[in-house]
Each structure stands twice: as structure tokens, then as C-alpha cells.
Amino acid sequence: MGEVLILEKKVNYLPGTDYDGLWKKIISELFEEFILFFAPDLYETIDFGKGIVFLEQELHKIIIKHKKGKRIADKIVKVSLKNGEEKYVFIHIEIQEKQDPDFSKRMFTYFYRLFDRFQENIYSIAILTDLSKSNNSEPFQYSFYGTELTYRFNTYKFNEADIPSLKKSTNPFAIAVLAGIYLHLTEKNYQKRYEVKKKLLKEFILSNQNLSSNYAEALCYFIDYLLYLPGELTKQLTKELFIHIEKEANHMLYSEELKEAPTFAEYLKTVKEEGIEIGIEKGKMEEKRNLAAELLREGFSVEKVAKMVKLSIDEVKKIKKCVNN
């Protein structure tokens, strides 16, 4: 089984900002969580314990050579299924700046090229980040004197996302989607973006005791560069966030030597490289157990919960017994 993923974005982008690269980076770093959030049915079939292998060069030969002049970030990932088979997950990310009437046709074109090359089942999903109601998500249809074809694919539309549910989700890509939504909503108001960005970084990452350090670092980088702020607002936000961290860590972190870091993500990296514990990953056992119990009530398997909250399978089994009683 494979997956083709198209990420369509419609926004007035800032020159030099690598939006496709940001999505590509966070998908690479949090691939399992990405699949769990956007393709939970596919997630159930993959054995992540056997590892994954990224093979971008293979996809480059198939698709990129046909996309001259387009901003794209493609991935092909080799995975193992729980039934023992080895398959590929195909991910195509494209930055689009206007509505494309040929979008569904292009989805079909990617599908048949990949299918012809790999001869594998392909799970297709398009992630549409445009907040307008005119997303191109209709199936591709072809008909010519009795020869007919209909190609349908899955979609995730930012304009239909439920923001309260995203805020409650334990998956880091819920926060990434929130950031993508706020990118559009604050397009012409940097002061509003400042407040939104501060809230995302402060409340959903730095103060989230259930968020692992890997999640926190990846999300900090993604949000920091996606939600661009002018220089002075960036410095102001960096200082405010580290004052928040200092209060929780109970020691001084913000110094004259470090304050020139260009973004909060770079500042965070510098502080960590100096060996200062900032308290992002608190990992309190009781909090992990509470989160595990919540996930078990939602129907997640013992194995999946153990991976998500970083507890042993035996510990999760004990929690499940308590939940069922």
C-alpha cells in the first residue's frame, strides 16, 4: 500500500520563505504522527517498529522532471506493513498560489505514473490549506465514446477543520494545522499574528507537559518560520517566551549573549546546545498515565498508546485494566 499526498497552499507568500521545505521537514521528523493524523486508516496497517526509509530520488525520476517551474517538495517512503509486506508511501507536496482547474487531473496523473512505476496499491490524499470555499477537490472524470474513468481521492480541508478539536488533540500535526490556518487569518495583521504565535508556542508547546521534546522542537521550528514576524516583534516574542520558560525552569536563561538569535527556534537551539535544561519535556509519570487512559478510552490500541506516550506496554496494559473496571 502506498500513499500519494498533495499539499495545496493558496496564500501571498513572503519572498524567500521556504513553505514547502517547512512542511517537508516536519513530516520527515514526525512521520508516524503525520500518518496518524491525516491517514489513520493507513496508520493501522503500518509496522513502524521496523523503521521507515526515505527515498526522495526515486520520486524525483517520476514526477519532479515533469514539474518544471513549480515549487514542490516530494517524498517517497518505504515502510513495512503488519502483515510482513514491504510497501511504499508516496507523498507529494506542492505550493500553489492560485486555484487550479486541472488539480484533479494532476492528482490522477501523479497516481498513474506512480502506479505504473511501482505497481502497488496507492492511498491518495490531498491536503488543501486554502481557507476559501472553492477548493479543487472534485474527482477526475474522463469519458470518450464508452471509455470512462472516475478517479476519487481523499482530502483534508483546512477550511472545514474544527479549531476547538484541533486544540484538544494530542497529535502535533493538529498544532501544525492550526498554524497553517492562522497563517491565512493573520495575513495582513502582524500584531494579531504575534498574539496567535505566542499562544501557539506558549500554551500548546512550551507549557504542554504531555508533549515530548522531539514534538516540541519540531513544532517550534515549524511555527517560528511559518508564522513570520518582522524583526522587532520577533525579538519581543523571543524575550517574552523565555521569560515564561525561566519561570517554569526556575533559573535565568535569557542573556545578552543569546538575545541576537534571529528567531525563537534558533534561540531555543542555542540554549539547548549550551546544555541548559529548559523544561520542555517534563514527562511526569502521572500525566503520562492520565493521557494513556484518555487515549485508551478513545479506542487506541495498547501498542499505539505505548508509542504515543512513551510508556512500556506492560504499564499501558495495567492502565487499561483500570480503565475497563
# chains A, B, ... in the order shown; residues from 1 in each chain; ligands from 1

call {"tool": "residues_around", "arguments": {"residues": "Asn154 in chain A", "least_positions_apart": "6", "cutoff": "10 Å", "atoms": "only C-alpha atoms", "output": "mmCIF file with N, CA, C and O atoms, in the first residue's frame"}}
result
data_model
loop_
_atom_site.group_PDB
_atom_site.id
_atom_site.type_symbol
_atom_site.label_atom_id
_atom_site.label_comp_id
_atom_site.auth_asym_id
_atom_site.auth_seq_id
_atom_site.Cartn_x
_atom_site.Cartn_y
_atom_site.Cartn_z
ATOM 1 N N VAL A 4 -0.209 8.767 -1.846
ATOM 2 C CA VAL A 4 0.153 9.995 -2.537
ATOM 3 C C VAL A 4 -0.496 11.134 -1.788
ATOM 4 O O VAL A 4 -1.701 11.139 -1.579
ATOM 5 N N LEU A 5 0.293 12.084 -1.357
ATOM 6 C CA LEU A 5 -0.253 13.216 -0.622
ATOM 7 C C LEU A 5 0.072 14.490 -1.360
ATOM 8 O O LEU A 5 1.217 14.731 -1.705
ATOM 9 N N PHE A 38 -3.401 12.440 9.529
ATOM 10 C CA PHE A 38 -4.029 12.651 8.236
ATOM 11 C C PHE A 38 -4.576 11.366 7.597
ATOM 12 O O PHE A 38 -5.466 11.452 6.745
ATOM 13 N N ALA A 39 -4.033 10.212 7.955
ATOM 14 C CA ALA A 39 -4.458 8.957 7.336
ATOM 15 C C ALA A 39 -4.522 7.846 8.378
ATOM 16 O O ALA A 39 -3.767 6.876 8.327
ATOM 17 N N TYR A 123 -2.689 4.875 -1.721
ATOM 18 C CA TYR A 123 -3.643 5.640 -0.918
ATOM 19 C C TYR A 123 -3.411 7.119 -1.220
ATOM 20 O O TYR A 123 -2.337 7.642 -0.945
ATOM 21 N N SER A 124 -4.376 7.793 -1.798
ATOM 22 C CA SER A 124 -4.201 9.186 -2.228
ATOM 23 C C SER A 124 -4.955 10.141 -1.305
ATOM 24 O O SER A 124 -6.121 9.912 -0.984
ATOM 25 N N ILE A 125 -4.296 11.206 -0.902
ATOM 26 C CA ILE A 125 -4.953 12.220 -0.087
ATOM 27 C C ILE A 125 -4.407 13.591 -0.459
ATOM 28 O O ILE A 125 -3.207 13.751 -0.655
ATOM 29 N N ALA A 126 -5.278 14.557 -0.587
ATOM 30 C CA ALA A 126 -4.880 15.937 -0.873
ATOM 31 C C ALA A 126 -5.175 16.790 0.352
ATOM 32 O O ALA A 126 -6.294 16.783 0.866
ATOM 33 N N ILE A 127 -4.168 17.505 0.821
ATOM 34 C CA ILE A 127 -4.355 18.414 1.947
ATOM 35 C C ILE A 127 -4.478 19.820 1.379
ATOM 36 O O ILE A 127 -3.545 20.340 0.783
ATOM 37 N N SER A 137 -11.430 19.858 -5.196
ATOM 38 C CA SER A 137 -11.357 18.517 -4.630
ATOM 39 C C SER A 137 -12.345 17.552 -5.279
ATOM 40 O O SER A 137 -12.628 16.495 -4.739
ATOM 41 N N PRO A 139 -13.650 14.736 -7.984
ATOM 42 C CA PRO A 139 -12.946 13.632 -8.645
ATOM 43 C C PRO A 139 -12.629 13.956 -10.102
ATOM 44 O O PRO A 139 -13.308 14.777 -10.734
#

call {"tool": "residues_around", "arguments": {"residues": "range 104-109 of chain A", "least_positions_apart": "3", "cutoff": "9 Å", "atoms": "only C-alpha atoms", "output": "PyMOL selection string"}}
result
chain A and resi 4+6+100-101+112-114+124+126+136-141+151-153

call {"tool": "write_last_selection", "arguments": {"atoms": "N, CA and C atoms", "output": "PDB file, in the first residue's frame"}}
result
ATOM      1  N   VAL A   4      -0.209   8.767  -1.846  1.00  0.00           N
ATOM      2  CA  VAL A   4       0.153   9.995  -2.537  1.00  0.00           C
ATOM      3  C   VAL A   4      -0.496  11.134  -1.788  1.00  0.00           C
ATOM      4  N   ILE A   6      -0.935  15.310  -1.633  1.00  0.00           N
ATOM      5  CA  ILE A   6      -0.729  16.602  -2.267  1.00  0.00           C
ATOM      6  C   ILE A   6      -1.074  17.680  -1.250  1.00  0.00           C
ATOM      7  N   ASP A 100      -6.503  26.002  -9.287  1.00  0.00           N
ATOM      8  CA  ASP A 100      -6.061  25.256 -10.458  1.00  0.00           C
ATOM      9  C   ASP A 100      -7.199  24.369 -10.950  1.00  0.00           C
ATOM     10  N   PRO A 101      -7.822  24.699 -12.085  1.00  0.00           N
ATOM     11  CA  PRO A 101      -8.932  23.884 -12.591  1.00  0.00           C
ATOM     12  C   PRO A 101      -8.493  22.482 -13.000  1.00  0.00           C
ATOM     13  N   TYR A 112      -1.245   7.634 -11.759  1.00  0.00           N
ATOM     14  CA  TYR A 112      -0.948   6.591 -12.743  1.00  0.00           C
ATOM     15  C   TYR A 112       0.547   6.474 -13.015  1.00  0.00           C
ATOM     16  N   ARG A 113       1.298   7.590 -12.866  1.00  0.00           N
ATOM     17  CA  ARG A 113       2.742   7.487 -13.033  1.00  0.00           C
ATOM     18  C   ARG A 113       3.366   6.639 -11.921  1.00  0.00           C
ATOM     19  N   LEU A 114       2.899   6.875 -10.704  1.00  0.00           N
ATOM     20  CA  LEU A 114       3.416   6.107  -9.572  1.00  0.00           C
ATOM     21  C   LEU A 114       2.985   4.642  -9.659  1.00  0.00           C
ATOM     22  N   SER A 124      -4.376   7.793  -1.798  1.00  0.00           N
ATOM     23  CA  SER A 124      -4.201   9.186  -2.228  1.00  0.00           C
ATOM     24  C   SER A 124      -4.955  10.141  -1.305  1.00  0.00           C
ATOM     25  N   ALA A 126      -5.278  14.557  -0.587  1.00  0.00           N
ATOM     26  CA  ALA A 126      -4.880  15.937  -0.873  1.00  0.00           C
ATOM     27  C   ALA A 126      -5.175  16.790   0.352  1.00  0.00           C
ATOM     28  N   ASN A 136     -10.356  22.801  -5.049  1.00  0.00           N
ATOM     29  CA  ASN A 136     -10.482  21.864  -6.157  1.00  0.00           C
ATOM     30  C   ASN A 136     -10.344  20.431  -5.641  1.00  0.00           C
ATOM     31  N   SER A 137     -11.430  19.858  -5.196  1.00  0.00           N
ATOM     32  CA  SER A 137     -11.357  18.517  -4.630  1.00  0.00           C
ATOM     33  C   SER A 137     -12.345  17.552  -5.279  1.00  0.00           C
ATOM     34  N   GLU A 138     -12.880  17.920  -6.431  1.00  0.00           N
ATOM     35  CA  GLU A 138     -13.799  17.037  -7.135  1.00  0.00           C
ATOM     36  C   GLU A 138     -13.016  15.900  -7.801  1.00  0.00           C
ATOM     37  N   PRO A 139     -13.650  14.736  -7.984  1.00  0.00           N
ATOM     38  CA  PRO A 139     -12.946  13.632  -8.645  1.00  0.00           C
ATOM     39  C   PRO A 139     -12.629  13.956 -10.102  1.00  0.00           C
ATOM     40  N   PHE A 140     -11.595  13.324 -10.616  1.00  0.00           N
ATOM     41  CA  PHE A 140     -11.254  13.475 -12.024  1.00  0.00           C
ATOM     42  C   PHE A 140     -12.118  12.511 -12.837  1.00  0.00           C
ATOM     43  N   GLN A 141     -12.762  13.019 -13.867  1.00  0.00           N
ATOM     44  CA  GLN A 141     -13.630  12.183 -14.694  1.00  0.00           C
ATOM     45  C   GLN A 141     -13.232  12.294 -16.159  1.00  0.00           C
ATOM     46  N   TYR A 151     -11.727   9.051 -11.037  1.00  0.00           N
ATOM     47  CA  TYR A 151     -10.669   8.895 -10.036  1.00  0.00           C
ATOM     48  C   TYR A 151     -10.985   9.792  -8.840  1.00  0.00           C
ATOM     49  N   ARG A 152     -11.254   9.171  -7.698  1.00  0.00           N
ATOM     50  CA  ARG A 152     -11.543   9.886  -6.462  1.00  0.00           C
ATOM     51  C   ARG A 152     -10.356   9.769  -5.517  1.00  0.00           C
ATOM     52  N   PHE A 153     -10.177  10.776  -4.681  1.00  0.00           N
ATOM     53  CA  PHE A 153      -9.086  10.742  -3.714  1.00  0.00           C
ATOM     54  C   PHE A 153      -9.553  11.389  -2.416  1.00  0.00           C
TER      55      PHE A 153
END

call {"tool": "closest_residue", "arguments": {"among": "A:Leu36, A:Val309, A:Leu241, A:Ile27", "to": "Val77 in chain A", "atoms": "only C-alpha atoms"}}
result
A:Ile27

call {"tool": "residues_around", "arguments": {"residues": "Lys317 in chain A", "least_positions_apart": "2", "cutoff": "12 Å", "atoms": "only C-alpha atoms", "output": "ChimeraX atom specification"}}
result
/A:289,292-293,296,301-306,311-315,319-324

call {"tool": "write_last_selection", "arguments": {"atoms": "N, CA, C and O atoms", "output": "mmCIF file, in the first residue's frame"}}
result
data_model
loop_
_atom_site.group_PDB
_atom_site.id
_atom_site.type_symbol
_atom_site.label_atom_id
_atom_site.label_comp_id
_atom_site.auth_asym_id
_atom_site.auth_seq_id
_atom_site.Cartn_x
_atom_site.Cartn_y
_atom_site.Cartn_z
ATOM 1 N N ARG A 289 0.284 8.725 32.455
ATOM 2 C CA ARG A 289 -0.756 7.722 32.723
ATOM 3 C C ARG A 289 -2.143 8.272 32.423
ATOM 4 O O ARG A 289 -2.992 7.567 31.866
ATOM 5 N N ALA A 292 -2.519 8.333 28.705
ATOM 6 C CA ALA A 292 -2.700 6.975 28.202
ATOM 7 C C ALA A 292 -4.129 6.496 28.432
ATOM 8 O O ALA A 292 -4.749 5.879 27.556
ATOM 9 N N ALA A 293 -4.674 6.792 29.604
ATOM 10 C CA ALA A 293 -6.046 6.388 29.918
ATOM 11 C C ALA A 293 -7.036 7.056 28.970
ATOM 12 O O ALA A 293 -7.983 6.422 28.482
ATOM 13 N N LEU A 296 -6.812 5.368 25.563
ATOM 14 C CA LEU A 296 -7.424 4.034 25.610
ATOM 15 C C LEU A 296 -8.945 4.141 25.569
ATOM 16 O O LEU A 296 -9.614 3.341 24.905
ATOM 17 N N SER A 301 -5.196 1.281 20.471
ATOM 18 C CA SER A 301 -4.667 0.007 20.948
ATOM 19 C C SER A 301 -3.575 0.236 21.991
ATOM 20 O O SER A 301 -2.991 1.313 22.084
ATOM 21 N N VAL A 302 -3.288 -0.818 22.771
ATOM 22 C CA VAL A 302 -2.257 -0.745 23.803
ATOM 23 C C VAL A 302 -0.905 -0.390 23.175
ATOM 24 O O VAL A 302 -0.154 0.450 23.684
ATOM 25 N N GLU A 303 -0.588 -1.048 22.059
ATOM 26 C CA GLU A 303 0.698 -0.822 21.397
ATOM 27 C C GLU A 303 0.833 0.625 20.919
ATOM 28 O O GLU A 303 1.888 1.259 21.060
ATOM 29 N N LYS A 304 -0.241 1.164 20.325
ATOM 30 C CA LYS A 304 -0.211 2.533 19.811
ATOM 31 C C LYS A 304 -0.062 3.536 20.947
ATOM 32 O O LYS A 304 0.725 4.484 20.856
ATOM 33 N N VAL A 305 -0.803 3.323 22.050
ATOM 34 C CA VAL A 305 -0.726 4.223 23.191
ATOM 35 C C VAL A 305 0.674 4.209 23.800
ATOM 36 O O VAL A 305 1.231 5.248 24.169
ATOM 37 N N ALA A 306 1.263 3.018 23.878
ATOM 38 C CA ALA A 306 2.613 2.904 24.436
ATOM 39 C C ALA A 306 3.609 3.734 23.644
ATOM 40 O O ALA A 306 4.480 4.409 24.212
ATOM 41 N N LEU A 311 5.413 4.989 27.182
ATOM 42 C CA LEU A 311 5.329 4.090 28.325
ATOM 43 C C LEU A 311 5.531 2.659 27.840
ATOM 44 O O LEU A 311 5.358 2.357 26.664
ATOM 45 N N SER A 312 5.877 1.769 28.755
ATOM 46 C CA SER A 312 6.027 0.363 28.378
ATOM 47 C C SER A 312 4.654 -0.244 28.110
ATOM 48 O O SER A 312 3.630 0.228 28.622
ATOM 49 N N ILE A 313 4.645 -1.309 27.312
ATOM 50 C CA ILE A 313 3.382 -1.987 27.011
ATOM 51 C C ILE A 313 2.762 -2.543 28.283
ATOM 52 O O ILE A 313 1.535 -2.480 28.474
ATOM 53 N N ASP A 314 3.580 -3.074 29.176
ATOM 54 C CA ASP A 314 3.065 -3.611 30.446
ATOM 55 C C ASP A 314 2.386 -2.525 31.267
ATOM 56 O O ASP A 314 1.325 -2.758 31.878
ATOM 57 N N GLU A 315 2.975 -1.329 31.285
ATOM 58 C CA GLU A 315 2.388 -0.225 32.038
ATOM 59 C C GLU A 315 1.043 0.174 31.453
ATOM 60 O O GLU A 315 0.075 0.433 32.179
ATOM 61 N N ILE A 319 -2.887 0.167 32.947
ATOM 62 C CA ILE A 319 -3.796 1.323 32.873
ATOM 63 C C ILE A 319 -5.102 0.913 32.225
ATOM 64 O O ILE A 319 -6.187 1.336 32.640
ATOM 65 N N LYS A 320 -5.024 0.049 31.200
ATOM 66 C CA LYS A 320 -6.224 -0.406 30.504
ATOM 67 C C LYS A 320 -7.147 -1.180 31.437
ATOM 68 O O LYS A 320 -8.374 -1.048 31.371
ATOM 69 N N LYS A 321 -6.563 -1.983 32.318
ATOM 70 C CA LYS A 321 -7.376 -2.728 33.281
ATOM 71 C C LYS A 321 -8.155 -1.777 34.173
ATOM 72 O O LYS A 321 -9.339 -2.008 34.479
ATOM 73 N N CYS A 322 -7.493 -0.710 34.603
ATOM 74 C CA CYS A 322 -8.164 0.272 35.458
ATOM 75 C C CYS A 322 -9.272 1.005 34.692
ATOM 76 O O CYS A 322 -10.341 1.271 35.241
ATOM 77 N N VAL A 323 -9.002 1.302 33.415
ATOM 78 C CA VAL A 323 -9.998 1.983 32.589
ATOM 79 C C VAL A 323 -11.231 1.131 32.403
ATOM 80 O O VAL A 323 -12.370 1.613 32.403
ATOM 81 N N ASN A 324 -11.039 -0.172 32.217
ATOM 82 C CA ASN A 324 -12.150 -1.095 31.969
ATOM 83 C C ASN A 324 -12.943 -1.439 33.217
ATOM 84 O O ASN A 324 -14.062 -1.951 33.125
#

call {"tool": "residues_around", "arguments": {"residues": "Ile223 in chain A", "least_positions_apart": "6", "cutoff": "10 Å", "atoms": "only C-alpha atoms", "output": "list in words"}}
result
Leu22, Ile175, Ala176, Leu178, Ala179, Gly180, Leu183, Lys197, Lys198, Leu200, Leu201, Phe264 and Ala265 of chain A

call {"tool": "atom_distance", "arguments": {"atom1": "CA of Leu291 in chain A", "atom2": "CA of Ser169 in chain A"}}
result
11.1 Å

call {"tool": "decode", "arguments": {"residues": "range 301-314 of chain A", "atoms": "all heavy atoms", "output": "PDB file, in the first residue's frame"}}
result
ATOM      1  N   SER A 301      -5.196   1.281  20.471  1.00  0.00           N
ATOM      2  CA  SER A 301      -4.667   0.007  20.948  1.00  0.00           C
ATOM      3  C   SER A 301      -3.575   0.236  21.991  1.00  0.00           C
ATOM      4  O   SER A 301      -2.991   1.313  22.084  1.00  0.00           O
ATOM      5  CB  SER A 301      -4.081  -0.796  19.785  1.00  0.00           C
ATOM      6  OG  SER A 301      -2.930  -0.157  19.263  1.00  0.00           O
ATOM      7  N   VAL A 302      -3.288  -0.818  22.771  1.00  0.00           N
ATOM      8  CA  VAL A 302      -2.257  -0.745  23.803  1.00  0.00           C
ATOM      9  C   VAL A 302      -0.905  -0.390  23.175  1.00  0.00           C
ATOM     10  O   VAL A 302      -0.154   0.450  23.684  1.00  0.00           O
ATOM     11  CB  VAL A 302      -2.160  -2.078  24.565  1.00  0.00           C
ATOM     12  CG1 VAL A 302      -0.909  -2.104  25.443  1.00  0.00           C
ATOM     13  CG2 VAL A 302      -3.397  -2.298  25.416  1.00  0.00           C
ATOM     14  N   GLU A 303      -0.588  -1.048  22.059  1.00  0.00           N
ATOM     15  CA  GLU A 303       0.698  -0.822  21.397  1.00  0.00           C
ATOM     16  C   GLU A 303       0.833   0.625  20.919  1.00  0.00           C
ATOM     17  O   GLU A 303       1.888   1.259  21.060  1.00  0.00           O
ATOM     18  CB  GLU A 303       0.869  -1.783  20.217  1.00  0.00           C
ATOM     19  CG  GLU A 303       1.039  -3.237  20.599  1.00  0.00           C
ATOM     20  CD  GLU A 303      -0.274  -3.893  21.008  1.00  0.00           C
ATOM     21  OE1 GLU A 303      -1.339  -3.281  20.763  1.00  0.00           O
ATOM     22  OE2 GLU A 303      -0.225  -4.999  21.574  1.00  0.00           O
ATOM     23  N   LYS A 304      -0.241   1.164  20.325  1.00  0.00           N
ATOM     24  CA  LYS A 304      -0.211   2.533  19.811  1.00  0.00           C
ATOM     25  C   LYS A 304      -0.062   3.536  20.947  1.00  0.00           C
ATOM     26  O   LYS A 304       0.725   4.484  20.856  1.00  0.00           O
ATOM     27  CB  LYS A 304      -1.475   2.816  19.021  1.00  0.00           C
ATOM     28  CG  LYS A 304      -1.460   4.168  18.311  1.00  0.00           C
ATOM     29  CD  LYS A 304      -2.803   4.484  17.675  1.00  0.00           C
ATOM     30  CE  LYS A 304      -3.180   3.456  16.645  1.00  0.00           C
ATOM     31  NZ  LYS A 304      -4.469   3.811  15.978  1.00  0.00           N
ATOM     32  N   VAL A 305      -0.803   3.323  22.050  1.00  0.00           N
ATOM     33  CA  VAL A 305      -0.726   4.223  23.191  1.00  0.00           C
ATOM     34  C   VAL A 305       0.674   4.209  23.800  1.00  0.00           C
ATOM     35  O   VAL A 305       1.231   5.248  24.169  1.00  0.00           O
ATOM     36  CB  VAL A 305      -1.782   3.848  24.249  1.00  0.00           C
ATOM     37  CG1 VAL A 305      -1.563   4.658  25.526  1.00  0.00           C
ATOM     38  CG2 VAL A 305      -3.182   4.080  23.713  1.00  0.00           C
ATOM     39  N   ALA A 306       1.263   3.018  23.878  1.00  0.00           N
ATOM     40  CA  ALA A 306       2.613   2.904  24.436  1.00  0.00           C
ATOM     41  C   ALA A 306       3.609   3.734  23.644  1.00  0.00           C
ATOM     42  O   ALA A 306       4.480   4.409  24.212  1.00  0.00           O
ATOM     43  CB  ALA A 306       3.039   1.431  24.465  1.00  0.00           C
ATOM     44  N   LYS A 307       3.472   3.727  22.313  1.00  0.00           N
ATOM     45  CA  LYS A 307       4.365   4.508  21.461  1.00  0.00           C
ATOM     46  C   LYS A 307       4.114   6.003  21.617  1.00  0.00           C
ATOM     47  O   LYS A 307       5.047   6.801  21.664  1.00  0.00           O
ATOM     48  CB  LYS A 307       4.180   4.119  19.994  1.00  0.00           C
ATOM     49  CG  LYS A 307       4.731   2.748  19.627  1.00  0.00           C
ATOM     50  CD  LYS A 307       4.527   2.481  18.143  1.00  0.00           C
ATOM     51  CE  LYS A 307       5.069   1.119  17.754  1.00  0.00           C
ATOM     52  NZ  LYS A 307       4.858   0.833  16.307  1.00  0.00           N
ATOM     53  N   MET A 308       2.843   6.375  21.699  1.00  0.00           N
ATOM     54  CA  MET A 308       2.485   7.794  21.714  1.00  0.00           C
ATOM     55  C   MET A 308       2.897   8.484  23.008  1.00  0.00           C
ATOM     56  O   MET A 308       3.322   9.637  22.995  1.00  0.00           O
ATOM     57  CB  MET A 308       0.987   7.959  21.474  1.00  0.00           C
ATOM     58  CG  MET A 308       0.542   7.559  20.079  1.00  0.00           C
ATOM     59  SD  MET A 308      -1.248   7.569  19.880  1.00  0.00           S
ATOM     60  CE  MET A 308      -1.606   9.313  19.982  1.00  0.00           C
ATOM     61  N   VAL A 309       2.757   7.797  24.144  1.00  0.00           N
ATOM     62  CA  VAL A 309       3.042   8.438  25.434  1.00  0.00           C
ATOM     63  C   VAL A 309       4.361   7.990  26.041  1.00  0.00           C
ATOM     64  O   VAL A 309       4.714   8.391  27.139  1.00  0.00           O
ATOM     65  CB  VAL A 309       1.893   8.195  26.436  1.00  0.00           C
ATOM     66  CG1 VAL A 309       0.593   8.746  25.916  1.00  0.00           C
ATOM     67  CG2 VAL A 309       1.753   6.709  26.756  1.00  0.00           C
ATOM     68  N   LYS A 310       5.089   7.114  25.313  1.00  0.00           N
ATOM     69  CA  LYS A 310       6.416   6.675  25.757  1.00  0.00           C
ATOM     70  C   LYS A 310       6.365   5.915  27.085  1.00  0.00           C
ATOM     71  O   LYS A 310       7.154   6.163  28.005  1.00  0.00           O
ATOM     72  CB  LYS A 310       7.371   7.876  25.880  1.00  0.00           C
ATOM     73  CG  LYS A 310       7.385   8.806  24.682  1.00  0.00           C
ATOM     74  CD  LYS A 310       7.766   8.108  23.403  1.00  0.00           C
ATOM     75  CE  LYS A 310       7.794   9.059  22.223  1.00  0.00           C
ATOM     76  NZ  LYS A 310       8.011   8.394  20.925  1.00  0.00           N
ATOM     77  N   LEU A 311       5.413   4.989  27.182  1.00  0.00           N
ATOM     78  CA  LEU A 311       5.329   4.090  28.325  1.00  0.00           C
ATOM     79  C   LEU A 311       5.531   2.659  27.840  1.00  0.00           C
ATOM     80  O   LEU A 311       5.358   2.357  26.664  1.00  0.00           O
ATOM     81  CB  LEU A 311       3.966   4.206  29.011  1.00  0.00           C
ATOM     82  CG  LEU A 311       3.673   5.489  29.804  1.00  0.00           C
ATOM     83  CD1 LEU A 311       2.231   5.487  30.277  1.00  0.00           C
ATOM     84  CD2 LEU A 311       4.618   5.633  30.984  1.00  0.00           C
ATOM     85  N   SER A 312       5.877   1.769  28.755  1.00  0.00           N
ATOM     86  CA  SER A 312       6.027   0.363  28.378  1.00  0.00           C
ATOM     87  C   SER A 312       4.654  -0.244  28.110  1.00  0.00           C
ATOM     88  O   SER A 312       3.630   0.228  28.622  1.00  0.00           O
ATOM     89  CB  SER A 312       6.735  -0.413  29.494  1.00  0.00           C
ATOM     90  OG  SER A 312       5.891  -0.514  30.632  1.00  0.00           O
ATOM     91  N   ILE A 313       4.645  -1.309  27.312  1.00  0.00           N
ATOM     92  CA  ILE A 313       3.382  -1.987  27.011  1.00  0.00           C
ATOM     93  C   ILE A 313       2.762  -2.543  28.283  1.00  0.00           C
ATOM     94  O   ILE A 313       1.535  -2.480  28.474  1.00  0.00           O
ATOM     95  CB  ILE A 313       3.621  -3.105  25.982  1.00  0.00           C
ATOM     96  CG1 ILE A 313       3.955  -2.484  24.612  1.00  0.00           C
ATOM     97  CG2 ILE A 313       2.387  -4.006  25.860  1.00  0.00           C
ATOM     98  CD1 ILE A 313       4.223  -3.486  23.519  1.00  0.00           C
ATOM     99  N   ASP A 314       3.580  -3.074  29.176  1.00  0.00           N
ATOM    100  CA  ASP A 314       3.065  -3.611  30.446  1.00  0.00           C
ATOM    101  C   ASP A 314       2.386  -2.525  31.267  1.00  0.00           C
ATOM    102  O   ASP A 314       1.325  -2.758  31.878  1.00  0.00           O
ATOM    103  CB  ASP A 314       4.200  -4.239  31.254  1.00  0.00           C
ATOM    104  CG  ASP A 314       4.701  -5.548  30.651  1.00  0.00           C
ATOM    105  OD1 ASP A 314       3.944  -6.146  29.852  1.00  0.00           O
ATOM    106  OD2 ASP A 314       5.829  -5.948  30.966  1.00  0.00           O
TER     107      ASP A 314
END
